[in-house]
>>> print(open('structure.cif').read())   # mmCIF, C-alpha atoms
data_run
#
loop_
_atom_site.label_atom_id
_atom_site.label_comp_id
_atom_site.auth_asym_id
_atom_site.auth_seq_id
_atom_site.Cartn_x
_atom_site.Cartn_y
_atom_site.Cartn_z
CA MET A 200 0.61 8.22 5.38
CA PRO A 201 2.13 7.38 1.97
CA GLN A 202 5.75 8.35 1.61
CA ASP A 203 7.52 9.38 -1.56
CA LEU A 204 10.58 7.15 -1.88
CA ARG A 205 11.91 8.79 -5.06
CA ASP A 206 15.15 10.69 -5.38
CA GLU A 207 15.48 14.08 -7.11
CA ASP A 208 15.52 12.43 -10.57
CA GLY A 209 12.27 10.53 -9.95
CA GLY A 210 13.95 7.14 -9.45
CA MET A 211 13.92 5.05 -6.30
CA ALA A 212 16.44 6.25 -3.78
CA VAL A 213 19.10 3.67 -2.96
CA GLY A 214 17.87 1.39 -0.19
CA GLN A 215 14.45 3.03 -0.07
CA ALA A 216 12.79 0.41 -2.29
CA GLU A 217 13.82 -2.33 0.15
CA LEU A 218 12.60 -0.30 3.12
CA GLY A 219 9.30 0.27 1.36
CA MET A 220 8.86 -3.46 0.66
CA ASN A 221 9.71 -4.31 4.27
CA ALA A 222 7.01 -1.89 5.40
CA ILE A 223 4.46 -3.48 3.08
CA ARG A 224 5.41 -6.99 4.23
CA SER A 225 4.86 -5.94 7.86
CA ILE A 226 1.20 -4.99 7.32
CA PRO A 227 -0.21 -8.50 7.97
CA SER A 228 1.50 -8.65 11.38
CA TYR A 229 -0.24 -5.42 12.40
CA ILE A 230 -3.59 -6.66 11.12
CA GLU A 231 -3.25 -9.94 13.07
CA ARG A 232 -3.02 -7.92 16.28
CA THR A 233 -6.18 -5.90 15.71
CA ASP A 234 -9.83 -6.48 16.52
CA LEU A 235 -11.05 -4.10 13.82
CA VAL A 236 -9.62 -3.01 10.48
CA LEU A 237 -11.17 0.05 8.89
CA VAL A 238 -10.39 0.33 5.19
CA MET A 239 -10.86 3.81 3.76
CA THR A 240 -10.53 3.65 0.00
CA PRO A 241 -12.09 6.65 -1.70
CA PRO A 242 -12.33 6.40 -5.49
CA SER A 243 -9.23 7.94 -7.04
CA THR A 244 -6.92 7.74 -10.04
CA HIS A 245 -3.38 6.38 -9.71
CA ALA A 246 -0.90 9.19 -10.37
CA ASP A 247 1.54 7.02 -12.34
CA THR A 248 -0.70 4.60 -14.23
CA GLY A 249 -3.95 6.53 -14.53
CA ARG A 250 -5.86 3.42 -13.40
CA ALA A 251 -8.87 3.67 -11.14
CA CYS A 252 -8.20 3.02 -7.45
CA SER A 253 -11.04 2.07 -5.11
CA TYR A 254 -12.16 -0.54 -2.62
CA CYS A 255 -12.46 -3.04 -5.47
CA SER A 256 -8.89 -2.47 -6.64
CA TRP A 257 -7.59 -2.60 -3.05
CA ARG A 258 -9.44 -5.85 -2.42
CA GLY A 259 -7.88 -7.36 -5.53
CA ARG A 260 -4.36 -6.85 -4.17
CA GLY A 261 -2.61 -9.70 -2.38
CA CYS A 262 -1.81 -7.59 0.69
CA ALA A 263 -5.55 -7.10 1.29
CA ALA A 264 -6.16 -10.83 1.84
CA PRO A 265 -5.10 -10.90 5.54
CA ALA A 266 -7.42 -7.98 6.32
CA LEU A 267 -10.39 -9.81 4.88
CA SER A 268 -9.88 -13.16 6.62
#
>>> encode(input="structure.cif", output="structure tokens")
Amino acid sequence: MPQDLRDEDGGMAVGQAELGMNAIRSIPSYIERTDLVLVMTPPSTHADTGRACSYCSWRGRGCAAPALS
């Protein structure tokens, strides 16, 4: 489940950005231990950028590469 790492003013809470990046970096180790990865990426719009988010945009991200190999 996505977690909001912002403080009351909308900025990143101290230390939370690093924790968030550590969580993202750990994803490949979880994927390596699985037999099946189910990617659920319904079409959506990014709340901050307004860009389209979908399977195609997920696949274009670097963190998706281990799931596809």
>>> atom_distance(input="structure.cif", atom1="CA of Tyr254 (chain A)", atom2="CA of Pro242 (chain A)")
7.5 Å
>>> atom_distance(input="structure.cif", atom1="CA of Trp257 (chain A)", atom2="CA of Thr244 (chain A)")
12.5 Å
>>> atom_distance(input="structure.cif", atom1="CA of Pro227 (chain A)", atom2="CA of Thr240 (chain A)")
17.8 Å
>>> axis_aligned_box(input="structure.cif", around="region 225-238 of chain A", padding_each_side="8 Å", output="JSON")
{"center_x": -3.2, "center_y": -4.8, "center_z": 10.9, "size_x": 32.0, "size_y": 26.3, "size_z": 27.3}
>>> build_atoms(input="structure.cif", residues="region 236-250 of chain A", atoms="N, CA and C atoms", output="mmCIF file, in the coordinates of the input")
data_model
loop_
_atom_site.group_PDB
_atom_site.id
_atom_site.type_symbol
_atom_site.label_atom_id
_atom_site.label_comp_id
_atom_site.auth_asym_id
_atom_site.auth_seq_id
_atom_site.Cartn_x
_atom_site.Cartn_y
_atom_site.Cartn_z
ATOM 1 N N VAL A 236 -10.389 -3.664 11.546
ATOM 2 C CA VAL A 236 -9.620 -3.010 10.480
ATOM 3 C C VAL A 236 -10.599 -2.156 9.686
ATOM 4 N N LEU A 237 -10.334 -0.876 9.636
ATOM 5 C CA LEU A 237 -11.170 0.050 8.890
ATOM 6 C C LEU A 237 -10.431 0.419 7.611
ATOM 7 N N VAL A 238 -11.009 0.083 6.480
ATOM 8 C CA VAL A 238 -10.390 0.330 5.190
ATOM 9 C C VAL A 238 -11.074 1.534 4.554
ATOM 10 N N MET A 239 -10.317 2.598 4.378
ATOM 11 C CA MET A 239 -10.860 3.810 3.760
ATOM 12 C C MET A 239 -10.231 3.929 2.370
ATOM 13 N N THR A 240 -11.034 3.663 1.362
ATOM 14 C CA THR A 240 -10.530 3.650 0.000
ATOM 15 C C THR A 240 -11.412 4.503 -0.912
ATOM 16 N N PRO A 241 -11.276 5.811 -0.833
ATOM 17 C CA PRO A 241 -12.090 6.650 -1.700
ATOM 18 C C PRO A 241 -11.704 6.441 -3.163
ATOM 19 N N PRO A 242 -12.654 6.539 -4.068
ATOM 20 C CA PRO A 242 -12.330 6.400 -5.490
ATOM 21 C C PRO A 242 -11.295 7.464 -5.887
ATOM 22 N N SER A 243 -10.293 7.041 -6.632
ATOM 23 C CA SER A 243 -9.230 7.940 -7.040
ATOM 24 C C SER A 243 -8.603 7.413 -8.319
ATOM 25 N N THR A 244 -7.668 8.161 -8.860
ATOM 26 C CA THR A 244 -6.920 7.740 -10.040
ATOM 27 C C THR A 244 -5.451 7.666 -9.666
ATOM 28 N N HIS A 245 -4.794 6.564 -10.010
ATOM 29 C CA HIS A 245 -3.380 6.380 -9.710
ATOM 30 C C HIS A 245 -2.561 7.419 -10.468
ATOM 31 N N ALA A 246 -1.671 8.106 -9.769
ATOM 32 C CA ALA A 246 -0.900 9.190 -10.370
ATOM 33 C C ALA A 246 0.030 8.722 -11.477
ATOM 34 N N ASP A 247 0.574 7.506 -11.345
ATOM 35 C CA ASP A 247 1.540 7.020 -12.340
ATOM 36 C C ASP A 247 0.885 6.272 -13.492
ATOM 37 N N THR A 248 -0.121 5.469 -13.199
ATOM 38 C CA THR A 248 -0.700 4.600 -14.230
ATOM 39 C C THR A 248 -2.011 5.135 -14.805
ATOM 40 N N GLY A 249 -2.671 6.025 -14.076
ATOM 41 C CA GLY A 249 -3.950 6.530 -14.530
ATOM 42 C C GLY A 249 -5.108 5.565 -14.295
ATOM 43 N N ARG A 250 -4.820 4.417 -13.674
ATOM 44 C CA ARG A 250 -5.860 3.420 -13.400
ATOM 45 C C ARG A 250 -6.713 3.846 -12.209
#
